[in-house]
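Next up, my_file23.pdb (PDB, C-alpha atoms):
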MODEL        1
ATOM      1  CA  MET Z   1       0.000   0.000   0.000
ATOM      2  CA  ALA Z   2       1.355   3.416  -0.954
ATOM      3  CA  PRO Z   3       2.176   5.729   1.975
ATOM      4  CA  LEU Z   4      -0.493   8.279   2.883
ATOM      5  CA  PRO Z   5       0.250  11.985   2.408
ATOM      6  CA  ALA Z   6       1.502  13.706   5.568
ATOM      7  CA  ASP Z   7      -0.306  16.727   7.001
ATOM      8  CA  HIS Z   8       1.325  19.314   9.218
ATOM      9  CA  LEU Z   9       0.979  19.354  12.994
ATOM     10  CA  SER Z  10      -0.282  22.422  14.836
ATOM     11  CA  PRO Z  11       2.638  24.452  16.241
ATOM     12  CA  SER Z  12       3.443  23.982  19.920
ATOM     13  CA  GLU Z  13       5.975  25.298  22.417
ATOM     14  CA  LEU Z  14       7.618  21.856  22.221
ATOM     15  CA  GLY Z  15       8.772  22.928  18.766
ATOM     16  CA  THR Z  16      10.783  25.895  20.073
ATOM     17  CA  LYS Z  17      14.429  26.030  21.066
ATOM     18  CA  ASP Z  18      13.537  28.152  24.096
ATOM     19  CA  TYR Z  19      11.432  25.296  25.448
ATOM     20  CA  TRP Z  20      14.238  22.754  25.188
ATOM     21  CA  ASP Z  21      16.897  25.147  26.509
ATOM     22  CA  SER Z  22      14.712  25.726  29.571
ATOM     23  CA  ALA Z  23      13.912  22.036  30.013
ATOM     24  CA  TYR Z  24      17.537  20.916  29.837
ATOM     25  CA  SER Z  25      18.761  23.791  32.011
ATOM     26  CA  LEU Z  26      16.424  22.486  34.701
ATOM     27  CA  GLU Z  27      17.658  18.928  34.188
ATOM     28  CA  LEU Z  28      21.235  20.213  34.488
ATOM     29  CA  GLN Z  29      20.381  21.740  37.852
ATOM     30  CA  ASN Z  30      18.701  18.531  38.986
ATOM     31  CA  HIS Z  31      21.702  16.452  37.905
ATOM     32  CA  ALA Z  32      24.124  18.773  39.717
ATOM     33  CA  ALA Z  33      22.113  18.361  42.925
ATOM     34  CA  ARG Z  34      21.470  14.623  42.440
ATOM     35  CA  PRO Z  35      23.990  12.970  40.073
ATOM     36  CA  ASP Z  36      21.812   9.862  39.849
ATOM     37  CA  ASP Z  37      19.083  11.980  38.221
ATOM     38  CA  GLU Z  38      19.906  11.772  34.511
ATOM     39  CA  GLY Z  39      16.694  13.390  33.320
ATOM     40  CA  THR Z  40      13.824  12.310  31.100
ATOM     41  CA  ILE Z  41      13.952   9.182  28.951
ATOM     42  CA  TRP Z  42      11.556   9.964  26.136
ATOM     43  CA  PHE Z  43       8.929   7.360  25.206
ATOM     44  CA  SER Z  44       9.917   5.237  28.204
ATOM     45  CA  ASP Z  45       6.253   4.396  28.814
ATOM     46  CA  ALA Z  46       6.221   2.623  25.436
ATOM     47  CA  SER Z  47       9.620   0.953  26.026
ATOM     48  CA  ALA Z  48      10.730   2.588  22.778
ATOM     49  CA  GLU Z  49      14.410   2.597  23.665
ATOM     50  CA  GLU Z  50      14.370  -1.095  24.547
ATOM     51  CA  ARG Z  51      12.602  -1.896  21.265
ATOM     52  CA  VAL Z  52      15.134   0.069  19.240
ATOM     53  CA  LEU Z  53      17.947  -1.752  21.026
ATOM     54  CA  ALA Z  54      16.283  -5.106  20.320
ATOM     55  CA  HIS Z  55      15.915  -4.211  16.642
ATOM     56  CA  LEU Z  56      19.599  -3.308  16.384
ATOM     57  CA  GLU Z  57      20.506  -6.515  18.238
ATOM     58  CA  THR Z  58      18.582  -8.483  15.614
ATOM     59  CA  LEU Z  59      20.550  -6.765  12.837
ATOM     60  CA  SER Z  60      23.723  -7.734  14.683
ATOM     61  CA  ASP Z  61      22.579 -11.348  15.033
ATOM     62  CA  GLU Z  62      21.931 -11.405  11.282
ATOM     63  CA  SER Z  63      25.454 -10.018  10.656
ATOM     64  CA  ILE Z  64      23.994  -6.883   9.062
ATOM     65  CA  LEU Z  65      25.546  -4.669  11.727
ATOM     66  CA  SER Z  66      28.751  -5.266  13.681
ATOM     67  CA  LYS Z  67      28.869  -4.652  17.410
ATOM     68  CA  THR Z  68      32.574  -3.888  17.202
ATOM     69  CA  SER Z  69      32.533  -1.335  14.370
ATOM     70  CA  THR Z  70      29.034   0.052  13.693
ATOM     71  CA  THR Z  71      28.966   3.829  14.182
ATOM     72  CA  PHE Z  72      26.001   5.762  15.597
ATOM     73  CA  LEU Z  73      24.891   9.378  15.241
ATOM     74  CA  ASP Z  74      22.044  10.433  17.560
ATOM     75  CA  LEU Z  75      20.078  13.476  16.348
ATOM     76  CA  GLY Z  76      18.564  15.584  19.117
ATOM     77  CA  THR Z  77      20.393  13.495  21.664
ATOM     78  CA  GLY Z  78      18.948  15.153  24.783
ATOM     79  CA  ASN Z  79      20.666  13.542  27.769
ATOM     80  CA  GLY Z  80      22.407  10.978  25.546
ATOM     81  CA  HIS Z  81      20.631   8.064  27.219
ATOM     82  CA  LEU Z  82      20.108   6.065  24.018
ATOM     83  CA  LEU Z  83      23.827   6.097  23.207
ATOM     84  CA  PHE Z  84      24.751   5.117  26.756
ATOM     85  CA  ALA Z  85      22.256   2.252  26.520
ATOM     86  CA  LEU Z  86      23.947   1.093  23.311
ATOM     87  CA  ARG Z  87      27.303   1.048  25.118
ATOM     88  CA  GLU Z  88      25.736  -0.988  27.905
ATOM     89  CA  ASP Z  89      24.526  -3.462  25.285
ATOM     90  CA  GLY Z  90      28.071  -3.976  24.031
ATOM     91  CA  TRP Z  91      28.186  -1.747  20.927
ATOM     92  CA  GLU Z  92      31.800  -0.590  20.650
ATOM     93  CA  GLY Z  93      31.884   1.678  17.565
ATOM     94  CA  ASN Z  94      32.148   5.462  17.511
ATOM     95  CA  MET Z  95      29.106   7.290  18.872
ATOM     96  CA  LEU Z  96      28.197  10.952  18.617
ATOM     97  CA  GLY Z  97      25.148  12.743  19.981
ATOM     98  CA  VAL Z  98      24.221  16.170  18.599
ATOM     99  CA  ASP Z  99      21.651  18.679  19.801
ATOM    100  CA  TYR Z 100      20.920  22.352  19.162
ATOM    101  CA  SER Z 101      20.497  22.983  22.878
ATOM    102  CA  ALA Z 102      23.769  23.806  24.627
ATOM    103  CA  ALA Z 103      22.215  22.773  27.941
ATOM    104  CA  SER Z 104      21.371  19.347  26.496
ATOM    105  CA  VAL Z 105      24.942  18.822  25.328
ATOM    106  CA  GLU Z 106      26.346  19.909  28.683
ATOM    107  CA  LEU Z 107      24.002  17.534  30.516
ATOM    108  CA  ALA Z 108      24.953  14.600  28.270
ATOM    109  CA  ARG Z 109      28.657  15.336  28.722
ATOM    110  CA  ARG Z 110      28.351  15.472  32.506
ATOM    111  CA  ILE Z 111      26.457  12.191  32.549
ATOM    112  CA  GLY Z 112      29.110  10.724  30.264
ATOM    113  CA  GLU Z 113      31.877  11.798  32.638
ATOM    114  CA  GLY Z 114      30.161   9.888  35.421
ATOM    115  CA  ARG Z 115      29.778   6.812  33.247
ATOM    116  CA  LYS Z 116      33.448   6.559  32.248
ATOM    117  CA  GLU Z 117      34.050   4.577  35.417
ATOM    118  CA  GLU Z 118      31.449   2.107  34.136
ATOM    119  CA  GLY Z 119      33.438   1.466  30.959
ATOM    120  CA  GLN Z 120      31.323   3.746  28.767
ATOM    121  CA  ALA Z 121      34.076   5.986  27.421
ATOM    122  CA  GLY Z 122      34.068   7.086  23.801
ATOM    123  CA  VAL Z 123      30.587   8.614  23.554
ATOM    124  CA  ARG Z 124      30.932  12.207  22.308
ATOM    125  CA  PHE Z 125      28.471  15.096  22.242
ATOM    126  CA  GLU Z 126      28.457  18.251  20.126
ATOM    127  CA  GLU Z 127      26.184  21.278  19.864
ATOM    128  CA  TRP Z 128      24.768  21.348  16.324
ATOM    129  CA  ASP Z 129      21.640  22.671  14.622
ATOM    130  CA  ILE Z 130      20.821  20.230  11.822
ATOM    131  CA  LEU Z 131      18.549  22.655   9.963
ATOM    132  CA  ASN Z 132      20.797  25.718  10.060
ATOM    133  CA  GLU Z 133      24.417  24.552  10.223
ATOM    134  CA  GLN Z 134      26.683  22.492   8.011
ATOM    135  CA  ALA Z 135      28.061  19.273   9.463
ATOM    136  CA  GLY Z 136      31.543  19.465  10.926
ATOM    137  CA  GLY Z 137      34.547  17.249  10.333
ATOM    138  CA  TRP Z 138      32.813  14.583  12.419
ATOM    139  CA  LEU Z 139      30.647  13.680   9.423
ATOM    140  CA  GLY Z 140      33.377  11.934   7.413
ATOM    141  CA  GLU Z 141      31.773   9.521   4.944
ATOM    142  CA  GLY Z 142      28.642   9.313   7.040
ATOM    143  CA  TRP Z 143      27.410   7.123   9.871
ATOM    144  CA  ASP Z 144      26.259   3.525   9.777
ATOM    145  CA  VAL Z 145      23.155   4.224  11.868
ATOM    146  CA  VAL Z 146      21.515   7.603  12.391
ATOM    147  CA  LEU Z 147      19.042   7.660  15.292
ATOM    148  CA  ASP Z 148      16.080   9.959  15.792
ATOM    149  CA  LYS Z 149      13.958   9.429  18.897
ATOM    150  CA  GLY Z 150      11.408  12.245  18.916
ATOM    151  CA  THR Z 151      13.533  14.874  17.167
ATOM    152  CA  PHE Z 152      11.445  14.968  13.991
ATOM    153  CA  ASP Z 153       8.400  15.130  16.272
ATOM    154  CA  ALA Z 154       9.728  18.301  17.909
ATOM    155  CA  ILE Z 155      10.714  19.869  14.585
ATOM    156  CA  SER Z 156       7.254  19.070  13.236
ATOM    157  CA  LEU Z 157       5.776  21.123  16.085
ATOM    158  CA  SER Z 158       7.758  24.220  15.131
ATOM    159  CA  GLY Z 159       5.834  27.011  13.460
ATOM    160  CA  GLN Z 160       8.976  28.413  11.842
ATOM    161  CA  VAL Z 161       9.214  28.578   8.069
ATOM    162  CA  ASP Z 162      12.254  28.471   5.804
ATOM    163  CA  GLU Z 163      13.280  30.897   3.044
ATOM    164  CA  GLN Z 164      10.835  29.202   0.700
ATOM    165  CA  GLY Z 165       7.949  29.712   3.092
ATOM    166  CA  ARG Z 166       7.732  26.016   4.014
ATOM    167  CA  ARG Z 167       7.420  24.690   7.559
ATOM    168  CA  ILE Z 168      10.974  23.769   8.586
ATOM    169  CA  CYS Z 169      10.088  20.102   9.063
ATOM    170  CA  GLU Z 170       9.791  19.876   5.272
ATOM    171  CA  GLY Z 171      13.555  20.300   4.943
ATOM    172  CA  TYR Z 172      14.500  17.724   7.567
ATOM    173  CA  ARG Z 173      14.801  14.648   5.334
ATOM    174  CA  VAL Z 174      17.151  16.405   2.916
ATOM    175  CA  ARG Z 175      19.400  17.389   5.809
ATOM    176  CA  VAL Z 176      19.387  13.892   7.303
ATOM    177  CA  GLU Z 177      20.183  11.885   4.157
ATOM    178  CA  PRO Z 178      23.845  13.017   3.774
ATOM    179  CA  LEU Z 179      24.549  12.056   7.387
ATOM    180  CA  ILE Z 180      23.923   8.382   6.591
ATOM    181  CA  LYS Z 181      26.647   6.278   5.027
ATOM    182  CA  ALA Z 182      25.784   4.585   1.727
ATOM    183  CA  GLY Z 183      23.919   1.432   2.728
ATOM    184  CA  GLY Z 184      23.447   2.773   6.252
ATOM    185  CA  ARG Z 185      20.237   3.275   8.190
ATOM    186  CA  LEU Z 186      17.967   5.878   9.683
ATOM    187  CA  VAL Z 187      16.066   4.504  12.682
ATOM    188  CA  ILE Z 188      13.363   6.988  13.639
ATOM    189  CA  THR Z 189      10.850   6.869  16.500
ATOM    190  CA  SER Z 190       7.736   9.047  16.674
ATOM    191  CA  CYS Z 191       4.663   9.524  18.823
ATOM    192  CA  ASN Z 192       3.137  12.225  16.610
ATOM    193  CA  TRP Z 193       3.136  10.431  13.256
ATOM    194  CA  THR Z 194       1.840   7.034  12.180
ATOM    195  CA  SER Z 195       4.024   4.569  10.307
ATOM    196  CA  ASP Z 196       2.360   5.480   7.004
ATOM    197  CA  GLU Z 197       2.841   9.183   7.662
ATOM    198  CA  LEU Z 198       6.534   8.729   8.474
ATOM    199  CA  ARG Z 199       6.991   6.800   5.250
ATOM    200  CA  ALA Z 200       5.344   9.663   3.395
ATOM    201  CA  TRP Z 201       7.846  12.087   4.918
ATOM    202  CA  PHE Z 202      11.006  10.041   4.398
ATOM    203  CA  GLU Z 203      10.449   7.703   1.449
ATOM    204  CA  VAL Z 204       9.788  10.076  -1.442
ATOM    205  CA  GLU Z 205      10.316  10.026  -5.186
ATOM    206  CA  GLY Z 206      13.845  11.210  -5.922
ATOM    207  CA  GLY Z 207      14.911  10.743  -2.308
ATOM    208  CA  GLN Z 208      17.692   8.524  -1.038
ATOM    209  CA  LEU Z 209      15.832   6.624   1.677
ATOM    210  CA  GLU Z 210      14.020   3.341   1.268
ATOM    211  CA  TYR Z 211      11.725   1.829   3.884
ATOM    212  CA  GLU Z 212      13.187  -1.323   5.426
ATOM    213  CA  THR Z 213      11.000  -2.399   8.339
ATOM    214  CA  SER Z 214       9.026  -1.232  11.356
ATOM    215  CA  VAL Z 215       9.509  -2.201  14.978
ATOM    216  CA  LYS Z 216       6.571  -3.930  16.642
ATOM    217  CA  TYR Z 217       4.716  -2.205  19.477
ATOM    218  CA  PRO Z 218       1.513  -3.197  21.288
ATOM    219  CA  SER Z 219      -1.473  -2.067  19.208
ATOM    220  CA  PHE Z 220      -4.942  -0.840  20.128
ATOM    221  CA  THR Z 221      -8.225  -0.772  18.257
ATOM    222  CA  PHE Z 222     -10.528   2.232  18.248
ATOM    223  CA  GLY Z 223     -13.404   3.003  15.924
ATOM    224  CA  GLY Z 224     -12.703  -0.112  13.915
ATOM    225  CA  LYS Z 225      -9.101   0.927  13.185
ATOM    226  CA  THR Z 226      -5.960  -0.604  14.665
ATOM    227  CA  GLY Z 227      -2.994   1.553  15.560
ATOM    228  CA  GLN Z 228      -0.237   2.209  18.091
ATOM    229  CA  GLN Z 229       0.815   5.201  20.158
ATOM    230  CA  VAL Z 230       4.491   5.057  19.172
ATOM    231  CA  CYS Z 231       6.133   3.804  15.997
ATOM    232  CA  THR Z 232       9.740   3.130  15.015
ATOM    233  CA  LEU Z 233      10.743   2.758  11.365
ATOM    234  CA  SER Z 234      14.038   1.815   9.766
ATOM    235  CA  PHE Z 235      15.079   3.240   6.396
ATOM    236  CA  THR Z 236      18.190   2.442   4.364
ATOM    237  CA  ARG Z 237      20.143   4.930   2.282
ATOM    238  CA  ARG Z 238      20.445   3.404  -1.155
ATOM    239  CA  ALA Z 239      23.848   3.609  -2.773
ATOM    240  CA  ASP Z 240      22.365   3.868  -6.266
ATOM    241  CA  ARG Z 241      20.613   7.118  -5.312
ATOM    242  CA  LEU Z 242      23.613   8.997  -3.994
ATOM    243  CA  SER Z 243      24.265  12.302  -5.678
TER     244      SER Z 243
ENDMDL
END
Please re-express this file's structure in structure tokens.
Amino acid sequence: MAPLPADHLSPSELGTKDYWDSAYSLELQNHAARPDDEGTIWFSDASAEERVLAHLETLSDESILSKTSTTFLDLGTGNGHLLFALREDGWEGNMLGVDYSAASVELARRIGEGRKEEGQAGVRFEEWDILNEQAGGWLGEGWDVVLDKGTFDAISLSGQVDEQGRRICEGYRVRVEPLIKAGGRLVITSCNWTSDELRAWFEVEGGQLEYETSVKYPSFTFGGKTGQQVCTLSFTRRADRLS
């Protein structure tokens, strides 16, 4: 079945940088007072992080990904929890978390300092605005797996428009594609979009991403339709579509 067209979401304060700067500044204060408080784990009520980890583990079991060398880039990393969880699961490759909130990056770095004693060294964090800045030297030839856990959701809630008068979420896919190594993957988790809607955003004619699979979540039925509150999709960047 062809993906359904995606509509825009109504703007919300969750789509503003001020909101996230304030939220992570508070989490920084909480962490300074109580180092065991590492802040919010987004979509924890749906066990989204655990399901993403299980999906990646399956790819490792099938020898599609390597636990010793697969590299990870986490977009909108927040407190970096997903990358730390990957380290705990035995993934040894380079990992970088980026976020446009300086407070987020500082929080993730402080948490990372505390986790070095637990053998979780080598997770880096950088301040970077994916929609308004060019990638730094950290991009190289791209990353094996690019992760998005709620970042596209937040961008979709922004009322800002670009120079062409489009909502800024419309430019997200084009900015994400070059970050992924040829043959690599985008693994994206959303609570604001359905699986079909995410496919409509990321698998487009002339684009470089191809839908691979979706992660299973518990479903519910309402009004004769079956759905789920959170979805996670995996896309691959096709080598034959690289520009």
10 Å contact set for Z:Pro178, only C-alpha atoms, chain neighbours under 5 positions out, as a short mmCIF file (atom, residue, chain, number, x, y, z; two decimals) with C-alpha atoms, keeping the file's coordinate frame:
data_model
loop_
_atom_site.label_atom_id
_atom_site.label_comp_id
_atom_site.auth_asym_id
_atom_site.auth_seq_id
_atom_site.Cartn_x
_atom_site.Cartn_y
_atom_site.Cartn_z
CA ALA Z 135 28.06 19.27 9.46
CA LEU Z 139 30.65 13.68 9.42
CA GLU Z 141 31.77 9.52 4.94
CA GLY Z 142 28.64 9.31 7.04
CA TRP Z 143 27.41 7.12 9.87
CA ARG Z 173 14.80 14.65 5.33
CA GLN Z 208 17.69 8.52 -1.04
CA ARG Z 237 20.14 4.93 2.28
CA LEU Z 242 23.61 9.00 -3.99
CA SER Z 243 24.26 12.30 -5.68
#
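Shortest atom-to-atom contact with Z:Val204 among Z:Tyr217, Z:Val174, Z:Gly114, Z:Ala182: Z:Val174, counting all atoms listed in the file.
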Nearest to Z:Gly150, chosen from Z:Pro218, Z:Gly112, Z:Gly136, Z:Gly76, with all atoms listed in the file counted in the distances: Z:Gly76
Picked residues, the PyMOL selection byres ((chain Z and resi 186-189) around 6), expected as a list in words: Val145, Val146, Leu147, Asp148, Lys149, Gly150, Arg185, Ser190, Cys231, Thr232, Leu233, Ser234 and Phe235 of chain Z
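Shortest separation to Z:Asp144 among Z:Thr71, Z:Ser158, Z:Thr194, Z:Ser25 occurs at residue Z:Thr71, atoms counted being only C-alpha atoms.
Each of Z:Ala102, Z:Leu14, Z:Leu107, Z:Leu83 was compared to Z:Ala32 using all atoms listed in the file, and Z:Leu107 turns out to be the nearest.
Coordinates place atom CA of Z:Ile111 at a distance of 7.6 Å from atom CA of Z:Asn79.
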Centre and edge lengths, as AutoDock Vina command-line options, for the axis-aligned box enclosing every listed atom of stretch 71-86 of chain Z with 8 Å of padding on each of the six sides, in Å to one decimal?
--center_x 23.8 --center_y 8.3 --center_z 21.0 --size_x 26.4 --size_y 30.5 --size_z 29.6
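The space between atom CA of Z:Lys67 and atom CA of Z:Ala54 spans 12.9 Å.
Take the candidates Z:Ser104, Z:Leu65, Z:Leu53, Z:Ser156 and check each one against Z:Glu88 using all atoms listed in the file; the shortest distance goes to Z:Leu53.
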Nearest to Z:Glu106 by atom-to-atom distance, counting all atoms listed in the file, from Z:Ile41, Z:His31, Z:Gln160, Z:Ala154: Z:His31
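For the atom pair formed by atom CA of Z:Cys169 and atom CA of Z:Tyr100, the distance is 15.0 Å, given to one decimal.
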Expected selection from the PyMOL selection byres ((chain Z and resi 77) around 6), given as a ChimeraX atom specification: /Z:74-76,78,80,97-99
Can I get stretch 160-184 of chain Z with N, CA, C and O atoms filled in, as a tab-separated table (two decimals), in the coordinates of the input?
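What landed in out_7.tsv:
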chain	number	residue	atom	x	y	z
Z	160	GLN	N	8.05	27.67	12.68
Z	160	GLN	CA	8.98	28.41	11.84
Z	160	GLN	C	8.87	27.96	10.39
Z	160	GLN	O	8.54	26.82	10.10
Z	161	VAL	N	9.18	28.89	9.50
Z	161	VAL	CA	9.21	28.58	8.07
Z	161	VAL	C	10.59	28.90	7.52
Z	161	VAL	O	11.33	29.72	8.08
Z	162	ASP	N	10.95	28.23	6.42
Z	162	ASP	CA	12.25	28.47	5.80
Z	162	ASP	C	12.15	29.59	4.77
Z	162	ASP	O	11.12	30.26	4.64
Z	163	GLU	N	13.24	29.80	4.02
Z	163	GLU	CA	13.28	30.90	3.04
Z	163	GLU	C	12.26	30.71	1.92
Z	163	GLU	O	11.90	31.67	1.24
Z	164	GLN	N	11.82	29.48	1.73
Z	164	GLN	CA	10.84	29.20	0.70
Z	164	GLN	C	9.40	29.26	1.22
Z	164	GLN	O	8.46	28.99	0.49
Z	165	GLY	N	9.27	29.61	2.50
Z	165	GLY	CA	7.95	29.71	3.09
Z	165	GLY	C	7.37	28.38	3.54
Z	165	GLY	O	6.19	28.30	3.89
Z	166	ARG	N	8.20	27.33	3.58
Z	166	ARG	CA	7.73	26.02	4.01
Z	166	ARG	C	7.96	25.86	5.51
Z	166	ARG	O	8.90	26.43	6.06
Z	167	ARG	N	7.14	25.07	6.18
Z	167	ARG	CA	7.42	24.69	7.56
Z	167	ARG	C	8.78	23.99	7.58
Z	167	ARG	O	9.10	23.20	6.67
Z	168	ILE	N	9.60	24.26	8.60
Z	168	ILE	CA	10.97	23.77	8.59
Z	168	ILE	C	11.08	22.25	8.60
Z	168	ILE	O	12.09	21.69	8.18
Z	169	CYS	N	10.04	21.57	9.06
Z	169	CYS	CA	10.09	20.10	9.06
Z	169	CYS	C	10.18	19.55	7.64
Z	169	CYS	O	10.67	18.44	7.43
Z	170	GLU	N	9.75	20.34	6.65
Z	170	GLU	CA	9.79	19.88	5.27
Z	170	GLU	C	11.21	19.73	4.75
Z	170	GLU	O	11.45	19.02	3.77
Z	171	GLY	N	12.17	20.40	5.38
Z	171	GLY	CA	13.56	20.30	4.94
Z	171	GLY	C	14.38	19.29	5.72
Z	171	GLY	O	15.57	19.11	5.45
Z	172	TYR	N	13.75	18.61	6.67
Z	172	TYR	CA	14.50	17.72	7.57
Z	172	TYR	C	15.10	16.53	6.83
Z	172	TYR	O	16.29	16.22	7.00
Z	173	ARG	N	14.31	15.85	6.02
Z	173	ARG	CA	14.80	14.65	5.33
Z	173	ARG	C	16.06	14.95	4.51
Z	173	ARG	O	17.04	14.19	4.55
Z	174	VAL	N	16.03	16.05	3.78
Z	174	VAL	CA	17.15	16.40	2.92
Z	174	VAL	C	18.41	16.65	3.73
Z	174	VAL	O	19.53	16.37	3.28
Z	175	ARG	N	18.25	17.15	4.95
Z	175	ARG	CA	19.40	17.39	5.81
Z	175	ARG	C	19.91	16.10	6.45
Z	175	ARG	O	21.09	15.97	6.75
Z	176	VAL	N	19.01	15.15	6.66
Z	176	VAL	CA	19.39	13.89	7.30
Z	176	VAL	C	20.11	12.95	6.34
Z	176	VAL	O	21.08	12.28	6.72
Z	177	GLU	N	19.66	12.88	5.10
Z	177	GLU	CA	20.18	11.88	4.16
Z	177	GLU	C	21.70	11.88	4.05
Z	177	GLU	O	22.33	10.80	4.09
Z	178	PRO	N	22.38	13.04	3.92
Z	178	PRO	CA	23.84	13.02	3.77
Z	178	PRO	C	24.59	12.56	5.02
Z	178	PRO	O	25.79	12.28	4.95
Z	179	LEU	N	23.90	12.49	6.15
Z	179	LEU	CA	24.55	12.06	7.39
Z	179	LEU	C	24.71	10.54	7.43
Z	179	LEU	O	25.49	10.02	8.23
Z	180	ILE	N	23.96	9.84	6.58
Z	180	ILE	CA	23.92	8.38	6.59
Z	180	ILE	C	24.89	7.84	5.56
Z	180	ILE	O	24.87	8.24	4.39
Z	181	LYS	N	25.72	6.92	5.96
Z	181	LYS	CA	26.65	6.28	5.03
Z	181	LYS	C	25.86	5.50	3.97
Z	181	LYS	O	24.76	5.01	4.23
Z	182	ALA	N	26.42	5.39	2.77
Z	182	ALA	CA	25.78	4.58	1.73
Z	182	ALA	C	25.52	3.18	2.26
Z	182	ALA	O	26.44	2.52	2.76
Z	183	GLY	N	24.28	2.73	2.18
Z	183	GLY	CA	23.92	1.43	2.73
Z	183	GLY	C	23.60	1.46	4.20
Z	183	GLY	O	23.21	0.43	4.77
Z	184	GLY	N	23.73	2.64	4.83
Z	184	GLY	CA	23.45	2.77	6.25
Z	184	GLY	C	21.97	2.96	6.52
Z	184	GLY	O	21.13	2.89	5.61
